Each structure stands twice: as structure tokens, then as C-alpha cells.
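K.L.:
Okay, here's the structure, questions in a sec.
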Amino acid sequence: MHYPQFYDTVESIRLVDPLAKVLATFENGEYEISYIEVVKAAGHSCPTVAGAYLMADAALKVLYPEQRAVRGMVRVEFKEDLQDGVAGVIGNVITHITGATDKSGFKGLGGQFARHSLMDFNADINSSARFTRLDNSKSVDIIYDPSSVLPDPNMGQLMQKMQKALATPEDIKLFGELWQDRVKRIFQKSESVIRIVE
């Protein structure tokens with residue numbers, strides 16, 4: 001399997017999942033989710049997928065500063081409606097990491113470990129997302145803005161050629177490389193594209 005090598009340089013998100021422990025899925029319920037795993041689940045790598053990953057990573061580090069984040073124990077809220085723009089894509093990535101879902105998630109085992117109803121849209125917030133621990137109600141708002149990481153100026157012309165079915169295989173390959181280069185730069189400049197509001 002070939003993919004851009006910068007995927008391997010992105011720090012994994014360390015988790016503990018009480019349900020995984022009970023079901024003997026992972027020893028002590030401990031595991032990590034990497035960027036490439038999120039990319040596989042999404043089917044692609046883009047600024048939106050990268051942003052969702054960075055938002056979850058930043059929020060969980062604030063909520064669980066000295067320990068692994070507890071999967072299934074975090075509520076996530078979004079200002080946008082589920083149908084708006086890329087809200088659904090962001091929600092899917094964050095579900096993959098945190099376990100939180102709106103209504104489609106796991107209903108629980110013996111009254112524990114439920115994952116449904118932990119994700120809300122149309123929330124009254126002024127950030128990209130709000131993450132809240134269920135056990136102590138500590139919250140953190142995350143703002144993601146990748147606008148400072150500009151796409152390569154050649155991408156617009158290449159996109160037009162593809163839309164008009166005029167792009168050569170070389171054009172398409174170059175477009176993909178430039179696309180992933182922007183994603184790489186977003187990770188490299190994560191401190192400037194992610195703002196934490198506690």
C-alpha cells in the first residue's frame with residue numbers, strides 16, 4: 001500500500017476504551033488511532049479530515065492532560081447542522097476517534113458504554129466544536145481555520161481541466177500531490193490553524 005509518507009509522521013491519538021477492555025478487544029482497553037486509520041475510514045485525506053483529526057487531538061489533550069482520553073466518555077457539539085457543508089465529514093472523523101454519535105451509535109451493554117446521543121449539531125456555540133467530558137463536565141472549544149495555509153496556485157487551473165475532462169494523467173497526478181502537500185502543511189502548522197478556547 002502506497003501513500004504520502006507524512007501520514008506516518010502525524011502523532012497518534014492515545015485512547016482507553018472501557019468497552020474494549022470489558023470485551024477483551026485490547027489489553028486494558030488501550031490503543032491508538034493514527035491519521036492513516038482515519039484516512040482509510042474517510043476514504044481520502046483532505047483539509048477537512050485533517051482538521052477534524054487535529055480538533056479531536058487538541059481537545060482530548062486538554063480534557064485528559066495526564067492520561068489517555070477515555071473513548072465513549074466525551075460529548076461533542078457542532079454549531080452547524082449535520083447537512084451543512086462538511087459537518088458530516090467532520091462528525092464522522094470525530095466519531096471514529098471519540099466514539100460519540102448522534103443516534104446511530106452503540107446503545108450500551110447492561111446500561112453502560114452507550115455511545116449514541118453524544119454528538120449534537122445546531123449547538124449554541126461560537127467555535128468549530130465543543131468537547132465535554134461526561135464524568136466532570138469539563139469543556140473545551142476548538143476553532144479550526146486552515147485559511148492561512150494556502151493551496152498551491154496551480155491547483156485551480158488543474159481542477160478546471162479535470163472538471164472539463166481535459167486533464168492528462170500527469171495533470172491528475174500533480175493535482176493529487178499538490179492537494180496532499182497542503183494537507184501536510186496544515187499538520188506542520190497545526191499551532192496556527194487550531195485555536196483552543198477553555
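By order in the C-alpha cells, chains are A, B, ...; within a chain, residues start at 1; ligands start at 1, following the order shown.
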With DSSP run on the backbone, what are the strand (DSSP E) residues within range 18-123 of chain A? I'd like them as a list of chain:residue names.
P.N.:
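Residues meeting the strand (DSSP E) criterion: A:Glu30, A:Tyr31, A:Glu32, A:Ile33, A:Ala69, A:Val70, A:Val74, A:Arg75, A:Val76, A:Glu77, A:Met119, A:Asp120.
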K.L.:
Can you pull out the residues contacting range 146-162 of chain A? Cut-off 12 Å, using only C-alpha atoms, and skip same-chain residues under 2 positions away; I want them as a VMD selection string.
P.N.:
chain A and resid 46 to 52 54 to 55 128 143 to 144 164 to 195
K.L.:
Suppose we keep C-alpha atoms; can you now write the selection as an mmCIF file, in the first residue's frame?
P.N.:
```cif
data_model
loop_
_atom_site.group_PDB
_atom_site.id
_atom_site.type_symbol
_atom_site.label_atom_id
_atom_site.label_comp_id
_atom_site.auth_asym_id
_atom_site.auth_seq_id
_atom_site.Cartn_x
_atom_site.Cartn_y
_atom_site.Cartn_z
ATOM 1 C CA CYS A 46 -8.110 16.429 2.807
ATOM 2 C CA PRO A 47 -8.015 19.631 4.879
ATOM 3 C CA THR A 48 -11.391 18.722 6.392
ATOM 4 C CA VAL A 49 -10.321 15.248 7.527
ATOM 5 C CA ALA A 50 -7.020 16.631 8.798
ATOM 6 C CA GLY A 51 -8.842 19.415 10.631
ATOM 7 C CA ALA A 52 -11.235 17.024 12.337
ATOM 8 C CA LEU A 54 -6.430 17.921 14.768
ATOM 9 C CA MET A 55 -9.513 19.222 16.572
ATOM 10 C CA SER A 128 -15.896 24.757 15.306
ATOM 11 C CA ILE A 143 -11.642 26.609 16.389
ATOM 12 C CA TYR A 144 -10.154 25.216 13.184
ATOM 13 C CA LYS A 164 -13.836 19.738 -18.224
ATOM 14 C CA ALA A 165 -12.348 16.253 -18.755
ATOM 15 C CA LEU A 166 -9.249 17.855 -20.284
ATOM 16 C CA ALA A 167 -6.749 16.767 -17.654
ATOM 17 C CA THR A 168 -3.978 14.382 -18.608
ATOM 18 C CA PRO A 169 -2.889 11.573 -16.269
ATOM 19 C CA GLU A 170 0.088 13.769 -15.393
ATOM 20 C CA ASP A 171 -2.234 16.660 -14.529
ATOM 21 C CA ILE A 172 -4.313 14.442 -12.266
ATOM 22 C CA LYS A 173 -1.226 13.066 -10.535
ATOM 23 C CA LEU A 174 0.132 16.563 -9.958
ATOM 24 C CA PHE A 175 -3.207 17.773 -8.592
ATOM 25 C CA GLY A 176 -3.237 14.964 -6.046
ATOM 26 C CA GLU A 177 0.327 15.667 -4.993
ATOM 27 C CA LEU A 178 -0.391 19.374 -4.535
ATOM 28 C CA TRP A 179 -3.565 18.534 -2.620
ATOM 29 C CA GLN A 180 -1.698 16.297 -0.190
ATOM 30 C CA ASP A 181 1.077 18.865 0.118
ATOM 31 C CA ARG A 182 -1.458 21.318 1.525
ATOM 32 C CA VAL A 183 -2.691 18.706 3.995
ATOM 33 C CA LYS A 184 0.907 18.090 5.032
ATOM 34 C CA ARG A 185 1.468 21.820 5.582
ATOM 35 C CA ILE A 186 -1.700 22.024 7.679
ATOM 36 C CA PHE A 187 -0.268 19.406 10.028
ATOM 37 C CA GLN A 188 3.085 21.166 10.062
ATOM 38 C CA LYS A 189 1.389 24.429 11.027
ATOM 39 C CA SER A 190 -1.159 22.905 13.386
ATOM 40 C CA GLU A 191 -0.479 25.504 16.077
ATOM 41 C CA SER A 192 -1.618 28.272 13.727
ATOM 42 C CA VAL A 193 -4.733 26.525 12.377
ATOM 43 C CA ILE A 194 -6.069 25.272 15.715
ATOM 44 C CA ARG A 195 -7.186 27.615 18.490
#
```
K.L.:
Provide the CA of Asp17 in chain A to CA of Ile33 in chain A distance in Å, to one decimal place.
P.N.:
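Interatomic distance here is 11.7 Å.
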K.L.:
Just list as an NGL selection string whatever in chain A DSSP marks as alpha helix (DSSP H).
P.N.:
:A and (18-22 or 35-42 or 47-63 or 87-98 or 155-163 or 169-188 or 190-193)
K.L.:
Go ahead and write the selection's residues with C-alpha atoms as a PDB file, in the first residue's frame.
P.N.:
```pdb
ATOM      1  CA  PRO A  18     -13.729   0.752  28.792  1.00  0.00           C
ATOM      2  CA  LEU A  19     -15.951  -1.239  26.425  1.00  0.00           C
ATOM      3  CA  ALA A  20     -12.898  -2.615  24.597  1.00  0.00           C
ATOM      4  CA  LYS A  21     -11.493  -3.679  27.977  1.00  0.00           C
ATOM      5  CA  VAL A  22     -14.690  -5.474  29.047  1.00  0.00           C
ATOM      6  CA  TYR A  35      -4.148   9.507  10.935  1.00  0.00           C
ATOM      7  CA  ILE A  36      -3.889   6.795   8.299  1.00  0.00           C
ATOM      8  CA  GLU A  37      -6.652   4.828  10.042  1.00  0.00           C
ATOM      9  CA  VAL A  38      -8.897   7.889   9.905  1.00  0.00           C
ATOM     10  CA  VAL A  39      -7.992   8.367   6.233  1.00  0.00           C
ATOM     11  CA  LYS A  40      -8.985   4.780   5.484  1.00  0.00           C
ATOM     12  CA  ALA A  41     -12.326   5.269   7.244  1.00  0.00           C
ATOM     13  CA  ALA A  42     -12.991   8.526   5.379  1.00  0.00           C
ATOM     14  CA  PRO A  47      -8.015  19.631   4.879  1.00  0.00           C
ATOM     15  CA  THR A  48     -11.391  18.722   6.392  1.00  0.00           C
ATOM     16  CA  VAL A  49     -10.321  15.248   7.527  1.00  0.00           C
ATOM     17  CA  ALA A  50      -7.020  16.631   8.798  1.00  0.00           C
ATOM     18  CA  GLY A  51      -8.842  19.415  10.631  1.00  0.00           C
ATOM     19  CA  ALA A  52     -11.235  17.024  12.337  1.00  0.00           C
ATOM     20  CA  TYR A  53      -8.293  14.887  13.451  1.00  0.00           C
ATOM     21  CA  LEU A  54      -6.430  17.921  14.768  1.00  0.00           C
ATOM     22  CA  MET A  55      -9.513  19.222  16.572  1.00  0.00           C
ATOM     23  CA  ALA A  56     -10.097  15.909  18.335  1.00  0.00           C
ATOM     24  CA  ASP A  57      -6.427  15.555  19.232  1.00  0.00           C
ATOM     25  CA  ALA A  58      -6.192  19.082  20.662  1.00  0.00           C
ATOM     26  CA  ALA A  59      -9.436  18.766  22.628  1.00  0.00           C
ATOM     27  CA  LEU A  60      -8.607  15.391  24.130  1.00  0.00           C
ATOM     28  CA  LYS A  61      -5.185  16.588  25.245  1.00  0.00           C
ATOM     29  CA  VAL A  62      -6.835  19.452  27.118  1.00  0.00           C
ATOM     30  CA  LEU A  63      -9.539  17.271  28.660  1.00  0.00           C
ATOM     31  CA  ALA A  87     -20.151  18.994   9.075  1.00  0.00           C
ATOM     32  CA  GLY A  88     -20.995  15.353   8.401  1.00  0.00           C
ATOM     33  CA  VAL A  89     -17.454  14.531   7.305  1.00  0.00           C
ATOM     34  CA  ILE A  90     -16.015  16.192  10.398  1.00  0.00           C
ATOM     35  CA  GLY A  91     -18.552  14.403  12.577  1.00  0.00           C
ATOM     36  CA  ASN A  92     -17.654  11.013  11.094  1.00  0.00           C
ATOM     37  CA  VAL A  93     -13.945  11.505  11.765  1.00  0.00           C
ATOM     38  CA  ILE A  94     -14.559  12.641  15.319  1.00  0.00           C
ATOM     39  CA  THR A  95     -16.932   9.711  15.867  1.00  0.00           C
ATOM     40  CA  HIS A  96     -14.170   7.356  14.760  1.00  0.00           C
ATOM     41  CA  ILE A  97     -11.857   8.843  17.388  1.00  0.00           C
ATOM     42  CA  THR A  98     -14.162   9.579  20.338  1.00  0.00           C
ATOM     43  CA  MET A 155      -4.480  23.762  -8.255  1.00  0.00           C
ATOM     44  CA  GLY A 156      -7.269  25.968  -9.587  1.00  0.00           C
ATOM     45  CA  GLN A 157      -6.225  25.526 -13.191  1.00  0.00           C
ATOM     46  CA  LEU A 158      -5.754  21.786 -12.726  1.00  0.00           C
ATOM     47  CA  MET A 159      -9.195  21.486 -11.134  1.00  0.00           C
ATOM     48  CA  GLN A 160     -10.772  23.283 -14.097  1.00  0.00           C
ATOM     49  CA  LYS A 161      -9.071  20.905 -16.513  1.00  0.00           C
ATOM     50  CA  MET A 162     -10.364  17.908 -14.566  1.00  0.00           C
ATOM     51  CA  GLN A 163     -13.895  19.293 -14.449  1.00  0.00           C
ATOM     52  CA  PRO A 169      -2.889  11.573 -16.269  1.00  0.00           C
ATOM     53  CA  GLU A 170       0.088  13.769 -15.393  1.00  0.00           C
ATOM     54  CA  ASP A 171      -2.234  16.660 -14.529  1.00  0.00           C
ATOM     55  CA  ILE A 172      -4.313  14.442 -12.266  1.00  0.00           C
ATOM     56  CA  LYS A 173      -1.226  13.066 -10.535  1.00  0.00           C
ATOM     57  CA  LEU A 174       0.132  16.563  -9.958  1.00  0.00           C
ATOM     58  CA  PHE A 175      -3.207  17.773  -8.592  1.00  0.00           C
ATOM     59  CA  GLY A 176      -3.237  14.964  -6.046  1.00  0.00           C
ATOM     60  CA  GLU A 177       0.327  15.667  -4.993  1.00  0.00           C
ATOM     61  CA  LEU A 178      -0.391  19.374  -4.535  1.00  0.00           C
ATOM     62  CA  TRP A 179      -3.565  18.534  -2.620  1.00  0.00           C
ATOM     63  CA  GLN A 180      -1.698  16.297  -0.190  1.00  0.00           C
ATOM     64  CA  ASP A 181       1.077  18.865   0.118  1.00  0.00           C
ATOM     65  CA  ARG A 182      -1.458  21.318   1.525  1.00  0.00           C
ATOM     66  CA  VAL A 183      -2.691  18.706   3.995  1.00  0.00           C
ATOM     67  CA  LYS A 184       0.907  18.090   5.032  1.00  0.00           C
ATOM     68  CA  ARG A 185       1.468  21.820   5.582  1.00  0.00           C
ATOM     69  CA  ILE A 186      -1.700  22.024   7.679  1.00  0.00           C
ATOM     70  CA  PHE A 187      -0.268  19.406  10.028  1.00  0.00           C
ATOM     71  CA  GLN A 188       3.085  21.166  10.062  1.00  0.00           C
ATOM     72  CA  SER A 190      -1.159  22.905  13.386  1.00  0.00           C
ATOM     73  CA  GLU A 191      -0.479  25.504  16.077  1.00  0.00           C
ATOM     74  CA  SER A 192      -1.618  28.272  13.727  1.00  0.00           C
ATOM     75  CA  VAL A 193      -4.733  26.525  12.377  1.00  0.00           C
TER      76      VAL A 193
END
```
K.L.:
Can you pull out every residue within 8 Å of range 110-126 of chain A, counting only C-alpha atoms, but drop anything in the same chain fewer than 3 positions away, and send it as a list in words?
P.N.:
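My reading of the contact set: Pro18, Leu19, Gly72, Val74, Arg75, Val76, Glu77, Phe78, Lys79, Glu80, Asp81, Leu82, Gly99, Ala100, Thr101, Asp102, Lys103, Ser104, Gly105, Phe106, Lys107, Ala129 and Arg130 of chain A.
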K.L.:
Write to file, as an mmCIF file, in the first residue's frame, the residues of the selection just made, with N, CA and C atoms.
P.N.:
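Written output follows (part23.cif):
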```
data_model
loop_
_atom_site.group_PDB
_atom_site.id
_atom_site.type_symbol
_atom_site.label_atom_id
_atom_site.label_comp_id
_atom_site.auth_asym_id
_atom_site.auth_seq_id
_atom_site.Cartn_x
_atom_site.Cartn_y
_atom_site.Cartn_z
ATOM 1 N N PRO A 18 -13.220 1.709 27.802
ATOM 2 C CA PRO A 18 -13.729 0.752 28.792
ATOM 3 C C PRO A 18 -14.485 -0.416 28.161
ATOM 4 N N LEU A 19 -15.233 -0.158 27.088
ATOM 5 C CA LEU A 19 -15.951 -1.239 26.425
ATOM 6 C C LEU A 19 -14.969 -2.235 25.809
ATOM 7 N N GLY A 72 -15.731 7.157 24.377
ATOM 8 C CA GLY A 72 -17.092 6.921 24.803
ATOM 9 C C GLY A 72 -17.526 7.773 25.977
ATOM 10 N N VAL A 74 -16.993 11.294 26.041
ATOM 11 C CA VAL A 74 -16.893 12.689 25.622
ATOM 12 C C VAL A 74 -18.091 13.040 24.740
ATOM 13 N N ARG A 75 -18.762 14.137 25.087
ATOM 14 C CA ARG A 75 -19.833 14.671 24.248
ATOM 15 C C ARG A 75 -19.224 15.686 23.278
ATOM 16 N N VAL A 76 -19.705 15.706 22.039
ATOM 17 C CA VAL A 76 -19.188 16.624 21.023
ATOM 18 C C VAL A 76 -20.351 17.410 20.427
ATOM 19 N N GLU A 77 -20.179 18.727 20.333
ATOM 20 C CA GLU A 77 -21.219 19.594 19.776
ATOM 21 C C GLU A 77 -20.648 20.407 18.614
ATOM 22 N N PHE A 78 -21.494 20.623 17.615
ATOM 23 C CA PHE A 78 -21.129 21.422 16.451
ATOM 24 C C PHE A 78 -22.152 22.534 16.259
ATOM 25 N N LYS A 79 -21.679 23.679 15.808
ATOM 26 C CA LYS A 79 -22.580 24.796 15.538
ATOM 27 C C LYS A 79 -23.440 24.512 14.305
ATOM 28 N N GLU A 80 -22.858 23.866 13.299
ATOM 29 C CA GLU A 80 -23.548 23.638 12.035
ATOM 30 C C GLU A 80 -24.597 22.531 12.144
ATOM 31 N N ASP A 81 -25.506 22.537 11.204
ATOM 32 C CA ASP A 81 -26.435 21.427 11.030
ATOM 33 C C ASP A 81 -25.679 20.261 10.398
ATOM 34 N N LEU A 82 -26.130 19.063 10.669
ATOM 35 C CA LEU A 82 -25.489 17.871 10.109
ATOM 36 C C LEU A 82 -25.395 17.934 8.590
ATOM 37 N N GLY A 99 -15.829 7.972 19.609
ATOM 38 C CA GLY A 99 -16.949 7.061 19.805
ATOM 39 C C GLY A 99 -18.288 7.756 19.840
ATOM 40 N N ALA A 100 -18.303 9.080 20.009
ATOM 41 C CA ALA A 100 -19.560 9.824 20.126
ATOM 42 C C ALA A 100 -20.336 9.801 18.806
ATOM 43 N N THR A 101 -21.638 9.527 18.891
ATOM 44 C CA THR A 101 -22.509 9.596 17.708
ATOM 45 C C THR A 101 -23.801 10.316 18.092
ATOM 46 N N ASP A 102 -24.565 10.684 17.072
ATOM 47 C CA ASP A 102 -25.835 11.336 17.370
ATOM 48 C C ASP A 102 -26.886 10.303 17.797
ATOM 49 N N LYS A 103 -27.325 9.479 16.863
ATOM 50 C CA LYS A 103 -28.335 8.474 17.204
ATOM 51 C C LYS A 103 -27.962 7.073 16.724
ATOM 52 N N SER A 104 -26.910 6.976 15.930
ATOM 53 C CA SER A 104 -26.607 5.696 15.294
ATOM 54 C C SER A 104 -25.651 4.817 16.089
ATOM 55 N N GLY A 105 -25.129 5.315 17.185
ATOM 56 C CA GLY A 105 -24.091 4.583 17.901
ATOM 57 C C GLY A 105 -24.593 3.451 18.784
ATOM 58 N N PHE A 106 -23.633 2.811 19.419
ATOM 59 C CA PHE A 106 -23.876 1.676 20.299
ATOM 60 C C PHE A 106 -24.816 2.081 21.438
ATOM 61 N N LYS A 107 -25.817 1.242 21.696
ATOM 62 C CA LYS A 107 -26.839 1.572 22.699
ATOM 63 C C LYS A 107 -26.446 1.171 24.112
ATOM 64 N N ALA A 129 -16.118 23.314 17.250
ATOM 65 C CA ALA A 129 -16.668 22.189 18.010
ATOM 66 C C ALA A 129 -16.412 22.397 19.495
ATOM 67 N N ARG A 130 -17.286 21.833 20.303
ATOM 68 C CA ARG A 130 -17.094 21.818 21.754
ATOM 69 C C ARG A 130 -17.044 20.360 22.209
#
```
K.L.:
Which residues, written as a PyMOL selection string, have at least one atom at most 12 Å from Asn136 in chain A, with only C-alpha atoms counted and residues fewer than 2 positions away on the same chain left out?
P.N.:
chain A and resi 63-64+73-75+132-134+138-139
K.L.:
Measuring atom to atom with only C-alpha atoms, identify which of A:Arg14, A:Ile142, A:Ser127, A:Phe6 is nearest to Glu66 in chain A.
P.N.:
A:Arg14
K.L.:
As an exercise, work out the distance from CA of Asp8 in chain A to CA of Phe131 in chain A in Å and give it to one decimal place.
P.N.:
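Atom-to-atom, CA of Asp8 in chain A and CA of Phe131 in chain A are spaced 26.0 Å apart.
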